[in-house]
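> Attaching a single structure in structure tokens format; questions to follow.
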Number of protein chains: 2
Amino acid sequence: MLIKHIVILSLSAGIFACAAAKAQEIIRIAVSVPSADHGWTGGIDFFAQETKKRLESHHKNVQVLVKTAIGVNDQVNSLEELFATQRINALVILPYESGPLTDPVRKIKEKGVFVTVVDRALSDNSIQDLYVAGDNPGMGRIAGQYLIDRLGGKGDIVVLRGLPTVIDDQRFDSFMELIKNTQIKVLDSKYANWKRYDGFKVMQDFLGRFPKIDAVWAQDDDIALGVLDALRKTKREEEMFVVGGGGMKEMIQKVQNKDALVPIDIVYSPSMIANAIELTALHYTAKLLIKGTYILDSPLVTPENAALYYFPDSPF
Amino acid sequence: MLIKHIVILSLSAGIFACAAAKAQEIIRIAVSVPSADHGWTGGIDFFAQETKKRLESHHKNVQVLVKTAIGVNDQVNSLEELFATQRINALVILPYESGPLTDPVRKIKEKGVFVTVVDRALSDNSIQDLYVAGDNPGMGRIAGQYLIDRLGGKGDIVVLRGLPTVIDDQRFDSFMELIKNTQIKVLDSKYANWKRYDGFKVMQDFLGRFPKIDAVWAQDDDIALGVLDALRKTKREEEMFVVGGGGMKEMIQKVQNKDALVPIDIVYSPSMIANAIELTALHYTAKLLIKGTYILDSPLVTPENAALYYFPDSPF
């Protein structure tokens, strides 16, 4: 008799929950991101998929559609197709480039879709409802301060930059501003396109031209891996150390293992896409006002705190 | 026989879910906020309680402890008691005042507690992990731009300020900066302490001294209600209009009903506390990195969009 009662209660609760879920409107959140063209975007795709799973399991009325694009044109086409064929409530987008994506996103916004922009901004900030990014000027300042402290305010360094974008300028300008009154000399700086092989090539060139280098600011972990390749090839690993950025697993592990070549890292975590999707969903699931600007810190990773920034399941 | 199978499945699922919940660590998030000393803090308390209910029903391993304080000393004591008697993972705090709360929060932070600060900042920003606030300079600019447009760049206004705090300075300074090259003249500005009665008294004084006023910038809806009381008492409601701020229900309704005295409002929603608690919880429930700064927009409320900003269940 007791067992029978429990059984009935359990069934009733189940039926009640299903009825409640069915009564809710389905919320569709589209997520448009670059495909994994380097390690960091691989992390973006991973965290987008992980957030989709989490949100859809917690909220029966939330659907997250993740679309990866292999380039600017593909992302524009994918947005147009998405919008033509699906009813969506919100769009979370990490634009490949600012300029070409601005008008396509504006068109979607004009149809009443909530727009969240991540990392690389659009050319017109008024389109976005929410902007989520890392602290790019902070990355430059933290790297600069570490180099000043470590080198005692004096030394010869080389700088590898990313791509000519607002983000890259912010990192570079705040770094240069910080070191300008020190005796740290930038022997040269060149773009390495946030790619390992380009980092290798640029660093090979630097190594050929400069007989003494005290440190490398690579500002990105993919580029830093290429720099390490070049150092190994020329057997100059003991001459200098390398400061990357991003929070790539391999680099976090090197920091944790007190690798002399990679003493620190600076976080610019692709998990920012998870923050962006979660906040966007809260606009619907909790009816929260979430319009605004959310800038994630870029903390310094040291051997002491590296475990906090290591995500074993992430590809990045 | 079929029914028996369904019953068994339902029971098994229930047992499995309970076992999974029990295996998780209990996450305790303390929320320390001012008690409802004016309408806006009443909204803060409402959204804190609502978020507690939502989080605890979605996540069996999350506990939210909401503590309201009636003043600076009470908040300090409440923090000390909380920390002495409870194990907490995170603290979300809206400090009564910056100075006196800084050291008590620092002590809690030093024990490894995650700290989220809302609205009124601490005197030392390095203590916080996450900062959530509205856009105070934006409130001043939006109000200023509305007055410029509405008055055609020319007229006599009075300004009622809040309390002498960073937030109030940000609103006031950005407002004054925007109108400085216009022919809008500020007849006088005075503090009204974010309180209705103080707004009434200050406005009575202004009305006694200035025979012609074109508009009032009250910058806060509690103060604006006091201004409206004073206008009614002196029967000068048709002479001017009032711009408040906050997004109070009564004011949003006046905007929606095209009340000539209250043509617009500017959002500074107490639901920011909900954003702060939700993000803090995501640090544990989704293992997200959430350190950073999240500034919510302060949108202009017009009759066309007022419905978006009306929360029927909120006391504010």
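Residue names in the structure tokens use chain letters A, B, ... in the order shown, residue numbers from 1 in each chain, and ligand numbers from 1 in the order shown.
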Could you write out as a list of chain:residue names the residues of chain B within 6 Å of chain A, counting only C-alpha atoms?
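Contact residues on the first chain: B:Lys291, B:Gly292, B:Thr293, B:Tyr294, B:Ile295, B:Leu296, B:Asp297.
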> So that I can check the surroundings of stretch 264-266 of chain B, please list as an MDAnalysis selection string every protein, DNA and RNA residue that reaches within 7 Å of it, counting only C-alpha atoms and ignoring chain neighbours fewer than 6 positions away.
chainID B and resid 139 243:247 251:252 255 298:302
> Take the residues from that selection and write them out as a short mmCIF file (atom, residue, chain, number, x, y, z; two decimals), in the first residue's frame, keeping N, CA, C and O atoms.

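The result, stored in selection.cif:
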data_model
loop_
_atom_site.label_atom_id
_atom_site.label_comp_id
_atom_site.auth_asym_id
_atom_site.auth_seq_id
_atom_site.Cartn_x
_atom_site.Cartn_y
_atom_site.Cartn_z
N MET B 139 23.29 57.29 -17.78
CA MET B 139 22.04 57.88 -17.30
C MET B 139 22.07 59.40 -17.43
O MET B 139 21.09 60.03 -17.82
N VAL B 243 12.18 64.52 -15.43
CA VAL B 243 12.92 63.32 -15.86
C VAL B 243 13.53 62.66 -14.62
O VAL B 243 14.36 63.26 -13.94
N GLY B 244 13.05 61.46 -14.33
CA GLY B 244 13.59 60.70 -13.20
C GLY B 244 14.60 59.68 -13.69
O GLY B 244 15.36 59.93 -14.63
N GLY B 245 14.60 58.53 -13.05
CA GLY B 245 15.52 57.47 -13.45
C GLY B 245 15.40 56.30 -12.50
O GLY B 245 15.20 56.48 -11.29
N GLY B 246 15.52 55.08 -13.02
CA GLY B 246 15.46 53.89 -12.18
C GLY B 246 14.58 52.81 -12.79
O GLY B 246 14.92 51.65 -12.77
N GLY B 247 13.44 53.24 -13.30
CA GLY B 247 12.52 52.25 -13.88
C GLY B 247 11.47 51.79 -12.90
O GLY B 247 10.99 50.66 -12.96
N MET B 251 6.38 54.99 -12.43
CA MET B 251 6.90 55.92 -13.44
C MET B 251 6.79 55.29 -14.84
O MET B 251 6.47 55.97 -15.81
N ILE B 252 7.09 54.00 -14.93
CA ILE B 252 6.97 53.32 -16.23
C ILE B 252 5.52 53.40 -16.71
O ILE B 252 5.26 53.66 -17.90
N VAL B 255 4.78 56.84 -18.06
CA VAL B 255 5.34 56.99 -19.41
C VAL B 255 4.43 56.29 -20.42
O VAL B 255 4.08 56.86 -21.46
N SER B 298 21.60 51.68 -19.58
CA SER B 298 20.51 52.44 -18.96
C SER B 298 19.62 52.96 -20.08
O SER B 298 19.72 54.13 -20.45
N PRO B 299 18.77 52.11 -20.64
CA PRO B 299 18.01 52.54 -21.82
C PRO B 299 16.94 53.58 -21.49
O PRO B 299 16.43 53.66 -20.38
N LEU B 300 16.63 54.37 -22.51
CA LEU B 300 15.56 55.37 -22.45
C LEU B 300 14.22 54.66 -22.57
O LEU B 300 14.02 53.85 -23.48
N VAL B 301 13.30 54.95 -21.64
CA VAL B 301 11.97 54.36 -21.69
C VAL B 301 11.00 55.37 -22.29
O VAL B 301 10.88 56.50 -21.80
N THR B 302 10.35 54.96 -23.36
CA THR B 302 9.36 55.81 -24.05
C THR B 302 8.01 55.09 -24.03
O THR B 302 7.95 53.91 -23.68
#
> Please provide chain A as a CSV table (one decimal) with C-alpha atoms, in the first residue's frame, once it has been superposed on chain B by least squares across all sequentially paired Cα atoms.

chain,number,residue,atom,x,y,z
A,1,MET,CA,1.9,-5.0,-18.1
A,2,LEU,CA,2.6,-1.8,-20.0
A,3,ILE,CA,1.6,0.4,-17.1
A,4,LYS,CA,3.8,-1.5,-14.8
A,5,HIS,CA,6.9,-0.8,-17.0
A,6,ILE,CA,6.2,2.9,-17.2
A,7,VAL,CA,5.9,3.0,-13.4
A,8,ILE,CA,9.2,1.3,-13.0
A,9,LEU,CA,10.9,3.6,-15.4
A,10,SER,CA,9.5,6.7,-13.7
A,11,LEU,CA,10.7,5.5,-10.3
A,12,SER,CA,14.2,4.6,-11.6
A,13,ALA,CA,14.6,8.0,-13.1
A,14,GLY,CA,13.6,9.6,-9.8
A,15,ILE,CA,16.1,7.6,-7.8
A,16,PHE,CA,18.9,8.3,-10.3
A,17,ALA,CA,18.3,12.1,-10.1
A,18,CYS,CA,18.3,12.1,-6.3
A,19,ALA,CA,21.5,10.1,-6.1
A,20,ALA,CA,23.2,12.5,-8.5
A,21,ALA,CA,22.1,15.5,-6.5
A,22,LYS,CA,23.4,14.0,-3.2
A,23,ALA,CA,26.8,13.4,-4.7
A,24,GLN,CA,27.3,17.1,-5.5
A,25,GLU,CA,28.9,19.6,-3.0
A,26,ILE,CA,26.5,22.1,-1.5
A,27,ILE,CA,27.3,25.6,-2.9
A,28,ARG,CA,26.4,28.4,-0.5
A,29,ILE,CA,26.0,31.9,-1.9
A,30,ALA,CA,25.5,34.7,0.6
A,31,VAL,CA,23.7,37.9,-0.6
A,32,SER,CA,24.2,41.0,1.5
A,33,VAL,CA,21.9,44.0,0.5
A,34,PRO,CA,20.4,47.1,2.1
A,35,SER,CA,16.9,46.6,3.4
A,36,ALA,CA,14.1,48.4,1.6
A,37,ASP,CA,15.0,52.0,2.7
A,38,HIS,CA,13.6,53.4,-0.5
A,39,GLY,CA,11.8,52.0,-3.5
A,40,TRP,CA,14.9,50.9,-5.4
A,41,THR,CA,16.3,48.9,-2.6
A,42,GLY,CA,12.9,47.3,-2.2
A,43,GLY,CA,13.3,46.2,-5.8
A,44,ILE,CA,16.8,44.9,-4.9
A,45,ASP,CA,15.4,42.7,-2.0
A,46,PHE,CA,12.6,41.4,-4.3
A,47,PHE,CA,14.9,40.4,-7.1
A,48,ALA,CA,17.4,38.8,-4.6
A,49,GLN,CA,14.6,36.7,-3.1
A,50,GLU,CA,13.2,35.8,-6.6
A,51,THR,CA,16.6,34.7,-7.8
A,52,LYS,CA,17.1,32.6,-4.6
A,53,LYS,CA,13.9,30.8,-5.3
A,54,ARG,CA,14.8,30.2,-9.0
A,55,LEU,CA,18.3,29.0,-8.4
A,56,GLU,CA,17.4,26.7,-5.5
A,57,SER,CA,14.6,25.1,-7.5
A,58,HIS,CA,16.9,24.6,-10.6
A,59,HIS,CA,19.9,23.4,-8.7
A,60,LYS,CA,19.5,21.1,-5.7
A,61,ASN,CA,23.0,21.8,-4.5
A,62,VAL,CA,22.8,25.6,-4.5
A,63,GLN,CA,21.8,27.5,-1.4
A,64,VAL,CA,21.3,31.3,-1.5
A,65,LEU,CA,21.3,33.1,1.9
A,66,VAL,CA,19.8,36.6,1.6
A,67,LYS,CA,20.7,39.0,4.4
A,68,THR,CA,19.3,42.5,4.5
A,69,ALA,CA,20.9,45.3,6.6
A,70,ILE,CA,19.4,48.5,7.9
A,71,GLY,CA,22.6,50.5,7.7
A,72,VAL,CA,26.4,50.5,7.4
A,73,ASN,CA,27.1,49.1,10.9
A,74,ASP,CA,24.3,46.5,10.6
A,75,GLN,CA,25.8,45.3,7.2
A,76,VAL,CA,29.3,45.0,8.7
A,77,ASN,CA,27.9,43.1,11.7
A,78,SER,CA,25.8,40.9,9.5
A,79,LEU,CA,28.9,40.0,7.4
A,80,GLU,CA,30.9,39.1,10.4
A,81,GLU,CA,28.2,37.0,11.9
A,82,LEU,CA,27.6,35.3,8.5
A,83,PHE,CA,31.2,34.5,8.1
A,84,ALA,CA,31.6,33.2,11.7
A,85,THR,CA,28.6,30.9,11.6
A,86,GLN,CA,28.3,29.7,8.0
A,87,ARG,CA,30.6,28.1,5.4
A,88,ILE,CA,30.1,30.2,2.2
A,89,ASN,CA,31.6,29.8,-1.2
A,90,ALA,CA,30.6,33.2,-2.6
A,91,LEU,CA,29.4,36.6,-1.4
A,92,VAL,CA,27.3,38.9,-3.5
A,93,ILE,CA,27.2,42.4,-1.9
A,94,LEU,CA,25.6,45.7,-2.6
A,95,PRO,CA,27.5,47.8,-0.1
A,96,TYR,CA,25.7,50.5,1.8
A,97,GLU,CA,28.7,52.7,1.5
A,98,SER,CA,32.1,52.1,-0.1
A,99,GLY,CA,34.6,53.0,2.7
A,100,PRO,CA,33.3,51.2,5.7
A,101,LEU,CA,32.5,47.9,3.9
A,102,THR,CA,35.8,47.6,2.1
A,103,ASP,CA,37.9,46.0,4.9
A,104,PRO,CA,35.1,43.6,6.1
A,105,VAL,CA,34.7,42.3,2.5
A,106,ARG,CA,38.5,42.1,2.1
A,107,LYS,CA,38.7,39.8,5.2
A,108,ILE,CA,36.1,37.5,3.7
A,109,LYS,CA,37.8,37.5,0.3
A,110,GLU,CA,41.1,36.5,2.0
A,111,LYS,CA,39.5,33.3,3.2
A,112,GLY,CA,39.0,32.2,-0.4
A,113,VAL,CA,35.4,33.4,-0.8
A,114,PHE,CA,34.4,34.5,-4.4
A,115,VAL,CA,33.3,38.2,-4.2
A,116,THR,CA,30.7,39.9,-6.4
A,117,VAL,CA,30.1,43.6,-5.8
A,118,VAL,CA,26.9,45.3,-7.1
A,119,ASP,CA,26.2,48.9,-7.8
A,120,ARG,CA,28.0,50.9,-5.1
A,121,ALA,CA,31.7,49.9,-5.5
A,122,LEU,CA,34.2,49.2,-2.7
A,123,SER,CA,37.1,51.6,-2.2
A,124,ASP,CA,39.5,48.9,-3.4
A,125,ASN,CA,38.5,47.4,-6.7
A,126,SER,CA,41.1,44.6,-6.5
A,127,ILE,CA,39.0,42.8,-3.9
A,128,GLN,CA,36.1,42.0,-6.2
A,129,ASP,CA,36.1,39.1,-8.6
A,130,LEU,CA,33.0,40.3,-10.4
A,131,TYR,CA,31.5,43.8,-10.6
A,132,VAL,CA,27.9,44.4,-11.8
A,133,ALA,CA,26.3,47.8,-12.1
A,134,GLY,CA,24.2,50.0,-14.2
A,135,ASP,CA,25.6,52.7,-16.6
A,136,ASN,CA,25.6,55.8,-14.4
A,137,PRO,CA,27.4,58.1,-16.9
A,138,GLY,CA,25.0,56.8,-19.5
A,139,MET,CA,22.0,57.8,-17.3
A,140,GLY,CA,23.3,61.4,-17.2
A,141,ARG,CA,24.0,61.5,-21.0
A,142,ILE,CA,20.6,60.0,-21.9
A,143,ALA,CA,18.8,62.5,-19.6
A,144,GLY,CA,20.8,65.4,-21.0
A,145,GLN,CA,20.2,64.4,-24.6
A,146,TYR,CA,16.5,64.1,-24.0
A,147,LEU,CA,16.3,67.6,-22.4
A,148,ILE,CA,18.4,69.1,-25.2
A,149,ASP,CA,16.1,67.5,-27.9
A,150,ARG,CA,12.8,68.3,-26.1
A,151,LEU,CA,13.7,71.9,-25.1
A,152,GLY,CA,15.3,72.6,-28.5
A,153,GLY,CA,18.7,73.3,-26.8
A,154,LYS,CA,17.3,76.2,-24.7
A,155,GLY,CA,15.6,76.6,-21.3
A,156,ASP,CA,15.8,76.9,-17.5
A,157,ILE,CA,16.0,73.7,-15.5
A,158,VAL,CA,16.6,72.5,-11.9
A,159,VAL,CA,18.6,69.4,-10.9
A,160,LEU,CA,18.0,67.2,-7.9
A,161,ARG,CA,20.9,64.9,-7.0
A,162,GLY,CA,21.1,61.7,-4.9
A,163,LEU,CA,23.8,61.3,-2.3
A,164,PRO,CA,27.4,62.4,-2.5
A,165,THR,CA,28.8,59.2,-4.0
A,166,VAL,CA,30.8,58.2,-7.0
A,167,ILE,CA,27.6,57.0,-8.8
A,168,ASP,CA,25.9,60.4,-8.3
A,169,ASP,CA,29.0,62.3,-9.5
A,170,GLN,CA,29.1,60.1,-12.7
A,171,ARG,CA,25.5,60.9,-13.5
A,172,PHE,CA,25.8,64.6,-12.7
A,173,ASP,CA,29.2,65.1,-14.4
A,174,SER,CA,28.2,63.4,-17.7
A,175,PHE,CA,24.9,65.4,-17.7
A,176,MET,CA,26.7,68.7,-17.2
A,177,GLU,CA,29.3,67.8,-19.8
A,178,LEU,CA,26.6,67.2,-22.4
A,179,ILE,CA,24.6,70.3,-21.9
A,180,LYS,CA,27.6,72.7,-21.4
A,181,ASN,CA,27.6,73.9,-25.0
A,182,THR,CA,23.8,74.5,-25.1
A,183,GLN,CA,21.6,77.3,-23.9
A,184,ILE,CA,20.1,75.1,-21.2
A,185,LYS,CA,20.7,76.8,-17.8
A,186,VAL,CA,20.8,74.9,-14.5
A,187,LEU,CA,19.1,77.4,-12.1
A,188,ASP,CA,20.3,75.3,-9.1
A,189,SER,CA,21.2,71.7,-8.1
A,190,LYS,CA,20.8,70.1,-4.6
A,191,TYR,CA,21.0,66.7,-3.0
A,192,ALA,CA,17.7,65.0,-2.3
A,193,ASN,CA,19.2,61.7,-0.9
A,194,TRP,CA,17.3,59.4,-3.3
A,195,LYS,CA,14.2,59.9,-1.1
A,196,ARG,CA,10.7,61.0,-2.0
A,197,TYR,CA,10.2,63.4,1.0
A,198,ASP,CA,13.6,65.0,0.4
A,199,GLY,CA,12.7,65.4,-3.3
A,200,PHE,CA,9.5,67.2,-2.2
A,201,LYS,CA,11.3,69.5,0.2
A,202,VAL,CA,14.1,70.5,-2.3
A,203,MET,CA,11.5,71.0,-5.1
A,204,GLN,CA,9.4,73.2,-2.8
A,205,ASP,CA,12.5,75.4,-2.2
A,206,PHE,CA,13.2,75.6,-6.0
A,207,LEU,CA,9.5,76.5,-6.7
A,208,GLY,CA,9.6,79.2,-4.1
A,209,ARG,CA,12.8,80.7,-5.7
A,210,PHE,CA,12.3,80.3,-9.4
A,211,PRO,CA,9.1,81.7,-11.1
A,212,LYS,CA,9.8,79.9,-14.4
A,213,ILE,CA,11.1,76.4,-14.7
A,214,ASP,CA,11.0,74.4,-18.0
A,215,ALA,CA,12.1,71.0,-16.8
A,216,VAL,CA,13.4,69.1,-13.8
A,217,TRP,CA,16.1,66.5,-13.9
A,218,ALA,CA,15.5,64.4,-10.7
A,219,GLN,CA,17.7,61.5,-12.0
A,220,ASP,CA,15.9,59.1,-9.7
A,221,ASP,CA,12.3,57.9,-9.5
A,222,ASP,CA,11.9,58.2,-5.7
A,223,ILE,CA,13.1,61.8,-5.9
A,224,ALA,CA,10.9,62.4,-8.9
A,225,LEU,CA,7.8,61.3,-7.0
A,226,GLY,CA,8.6,63.9,-4.4
A,227,VAL,CA,9.0,66.5,-7.1
A,228,LEU,CA,5.5,65.6,-8.5
A,229,ASP,CA,4.1,66.0,-5.0
A,230,ALA,CA,5.5,69.5,-4.8
A,231,LEU,CA,4.3,70.4,-8.3
A,232,ARG,CA,0.7,69.3,-7.4
A,233,LYS,CA,0.8,71.2,-4.1
A,234,THR,CA,1.7,74.5,-5.9
A,235,LYS,CA,-0.4,73.7,-9.0
A,236,ARG,CA,2.5,74.2,-11.3
A,237,GLU,CA,2.1,70.8,-13.0
A,238,GLU,CA,1.5,72.3,-16.5
A,239,GLU,CA,4.6,74.5,-16.5
A,240,MET,CA,7.3,71.8,-16.7
A,241,PHE,CA,8.1,68.1,-17.0
A,242,VAL,CA,10.2,65.8,-14.9
A,243,VAL,CA,12.9,63.3,-15.9
A,244,GLY,CA,13.6,60.7,-13.2
A,245,GLY,CA,15.5,57.4,-13.4
A,246,GLY,CA,15.4,53.9,-12.2
A,247,GLY,CA,12.5,52.2,-13.8
A,248,MET,CA,10.0,52.3,-11.0
A,249,LYS,CA,6.7,50.7,-11.8
A,250,GLU,CA,4.6,53.9,-11.2
A,251,MET,CA,6.9,55.9,-13.4
A,252,ILE,CA,6.9,53.3,-16.2
A,253,GLN,CA,3.1,53.3,-16.1
A,254,LYS,CA,3.0,57.1,-16.3
A,255,VAL,CA,5.3,57.0,-19.4
A,256,GLN,CA,3.1,54.2,-20.9
A,257,ASN,CA,0.0,56.3,-20.3
A,258,LYS,CA,1.6,59.4,-21.9
A,259,ASP,CA,1.5,61.5,-18.8
A,260,ALA,CA,2.7,64.9,-19.9
A,261,LEU,CA,4.6,65.4,-16.6
A,262,VAL,CA,6.6,62.2,-17.0
A,263,PRO,CA,7.3,61.8,-20.7
A,264,ILE,CA,10.2,59.3,-20.3
A,265,ASP,CA,12.1,57.3,-17.8
A,266,ILE,CA,15.7,55.9,-17.8
A,267,VAL,CA,16.2,52.3,-16.6
A,268,TYR,CA,18.6,51.6,-13.6
A,269,SER,CA,16.9,48.3,-12.7
A,270,PRO,CA,17.3,46.7,-9.3
A,271,SER,CA,17.2,43.4,-11.3
A,272,MET,CA,21.0,43.9,-11.7
A,273,ILE,CA,21.2,42.0,-8.4
A,274,ALA,CA,19.6,39.0,-10.2
A,275,ASN,CA,22.3,39.2,-12.9
A,276,ALA,CA,25.0,39.3,-10.3
A,277,ILE,CA,23.7,36.3,-8.3
A,278,GLU,CA,23.0,34.2,-11.5
A,279,LEU,CA,26.5,34.9,-12.9
A,280,THR,CA,28.0,34.0,-9.5
A,281,ALA,CA,26.1,30.8,-9.4
A,282,LEU,CA,27.3,29.9,-13.0
A,283,HIS,CA,30.8,30.0,-11.7
A,284,TYR,CA,29.9,26.9,-9.7
A,285,THR,CA,27.0,25.2,-11.6
A,286,ALA,CA,28.7,25.5,-15.0
A,287,LYS,CA,32.3,25.9,-13.9
A,288,LEU,CA,32.5,29.2,-15.9
A,289,LEU,CA,35.2,31.8,-15.5
A,290,ILE,CA,33.2,34.9,-14.7
A,291,LYS,CA,35.7,37.4,-13.2
A,292,GLY,CA,35.2,40.7,-14.8
A,293,THR,CA,33.0,43.8,-15.1
A,294,TYR,CA,29.4,43.8,-16.3
A,295,ILE,CA,27.8,47.2,-16.9
A,296,LEU,CA,24.1,47.0,-17.7
A,297,ASP,CA,22.8,49.6,-20.2
A,298,SER,CA,20.5,52.4,-19.0
A,299,PRO,CA,18.0,52.5,-21.8
A,300,LEU,CA,15.5,55.3,-22.4
A,301,VAL,CA,11.9,54.3,-21.7
A,302,THR,CA,9.3,55.8,-24.0
A,303,PRO,CA,5.6,55.0,-24.4
A,304,GLU,CA,6.5,52.7,-27.2
A,305,ASN,CA,8.8,50.4,-25.3
A,306,ALA,CA,7.6,50.9,-21.7
A,307,ALA,CA,6.0,47.4,-21.6
A,308,LEU,CA,9.5,45.9,-21.8
A,309,TYR,CA,10.5,47.5,-18.5
A,310,TYR,CA,7.4,46.9,-16.4
A,311,PHE,CA,7.7,44.1,-13.9
A,312,PRO,CA,4.2,43.5,-12.4
A,313,ASP,CA,5.4,41.4,-9.5
A,314,SER,CA,8.2,43.7,-8.3
A,315,PRO,CA,7.5,46.2,-5.6
A,316,PHE,CA,9.6,48.8,-7.5
> Would you return as a VMD selection string the members of stretch 67-200 of chain A that DSSP assigns to helix (DSSP H, G or I) on this structure's backbone?
chain A and resid 72 to 85 98 to 110 125 to 127 136 to 151 166 to 179 196 to 200
> Quick one: DSSP strand (DSSP E or B) residues in stretch 23-93 of chain B, as a list of chain:residue names?
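Those residues are B:Ile27, B:Arg28, B:Ile29, B:Ala30, B:Val31, B:Ser32, B:Val33, B:Pro34, B:Val62, B:Gln63, B:Val64, B:Leu65, B:Val66, B:Lys67, B:Thr68, B:Ala69, B:Ala90, B:Leu91, B:Val92, B:Ile93.
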> For the selection just defined, write its residues with N, CA, C and O atoms to a file, as a short mmCIF file (atom, residue, chain, number, x, y, z; two decimals), in the first residue's frame.

data_model
loop_
_atom_site.label_atom_id
_atom_site.label_comp_id
_atom_site.auth_asym_id
_atom_site.auth_seq_id
_atom_site.Cartn_x
_atom_site.Cartn_y
_atom_site.Cartn_z
N ILE B 27 26.72 24.29 -2.74
CA ILE B 27 27.29 25.61 -3.00
C ILE B 27 26.46 26.64 -2.26
O ILE B 27 25.25 26.75 -2.49
N ARG B 28 27.10 27.39 -1.37
CA ARG B 28 26.37 28.41 -0.61
C ARG B 28 26.76 29.80 -1.08
O ARG B 28 27.93 30.19 -0.99
N ILE B 29 25.79 30.55 -1.55
CA ILE B 29 26.01 31.93 -2.00
C ILE B 29 25.29 32.87 -1.05
O ILE B 29 24.07 32.82 -0.92
N ALA B 30 26.05 33.70 -0.34
CA ALA B 30 25.45 34.70 0.55
C ALA B 30 25.22 35.98 -0.24
O ALA B 30 26.05 36.37 -1.06
N VAL B 31 24.06 36.61 -0.01
CA VAL B 31 23.72 37.87 -0.69
C VAL B 31 23.44 38.91 0.40
O VAL B 31 22.53 38.74 1.21
N SER B 32 24.27 39.96 0.45
CA SER B 32 24.13 41.00 1.48
C SER B 32 23.69 42.30 0.81
O SER B 32 24.42 42.87 0.00
N VAL B 33 22.49 42.75 1.17
CA VAL B 33 21.91 43.94 0.51
C VAL B 33 21.25 44.85 1.54
O VAL B 33 20.86 44.40 2.62
N PRO B 34 21.13 46.14 1.20
CA PRO B 34 20.39 47.05 2.09
C PRO B 34 18.93 46.59 2.17
O PRO B 34 18.37 46.10 1.19
N VAL B 62 22.49 24.18 -4.85
CA VAL B 62 22.77 25.60 -4.64
C VAL B 62 21.87 26.15 -3.53
O VAL B 62 20.66 25.94 -3.55
N GLN B 63 22.49 26.81 -2.55
CA GLN B 63 21.73 27.50 -1.50
C GLN B 63 22.08 28.98 -1.54
O GLN B 63 23.26 29.34 -1.57
N VAL B 64 21.06 29.83 -1.56
CA VAL B 64 21.27 31.27 -1.57
C VAL B 64 20.76 31.84 -0.24
O VAL B 64 19.60 31.63 0.11
N LEU B 65 21.63 32.51 0.51
CA LEU B 65 21.26 33.10 1.80
C LEU B 65 21.17 34.61 1.63
O LEU B 65 22.19 35.26 1.43
N VAL B 66 19.96 35.16 1.66
CA VAL B 66 19.79 36.60 1.48
C VAL B 66 19.72 37.28 2.84
O VAL B 66 18.88 36.94 3.67
N LYS B 67 20.63 38.24 3.08
CA LYS B 67 20.68 38.98 4.35
C LYS B 67 20.47 40.46 4.05
O LYS B 67 21.26 41.06 3.31
N THR B 68 19.42 41.05 4.63
CA THR B 68 19.23 42.49 4.45
C THR B 68 19.75 43.22 5.68
O THR B 68 19.71 42.70 6.79
N ALA B 69 20.26 44.43 5.46
CA ALA B 69 20.85 45.21 6.55
C ALA B 69 20.21 46.59 6.57
O ALA B 69 19.93 47.16 5.51
N ALA B 90 30.57 31.91 -1.96
CA ALA B 90 30.58 33.20 -2.66
C ALA B 90 29.76 34.21 -1.87
O ALA B 90 28.83 33.85 -1.15
N LEU B 91 30.13 35.49 -2.04
CA LEU B 91 29.40 36.60 -1.44
C LEU B 91 29.03 37.58 -2.55
O LEU B 91 29.90 38.03 -3.29
N VAL B 92 27.73 37.88 -2.66
CA VAL B 92 27.27 38.93 -3.57
C VAL B 92 26.84 40.09 -2.68
O VAL B 92 25.95 39.93 -1.85
N ILE B 93 27.49 41.24 -2.82
CA ILE B 93 27.19 42.34 -1.90
C ILE B 93 26.91 43.65 -2.62
O ILE B 93 27.63 44.04 -3.55
#
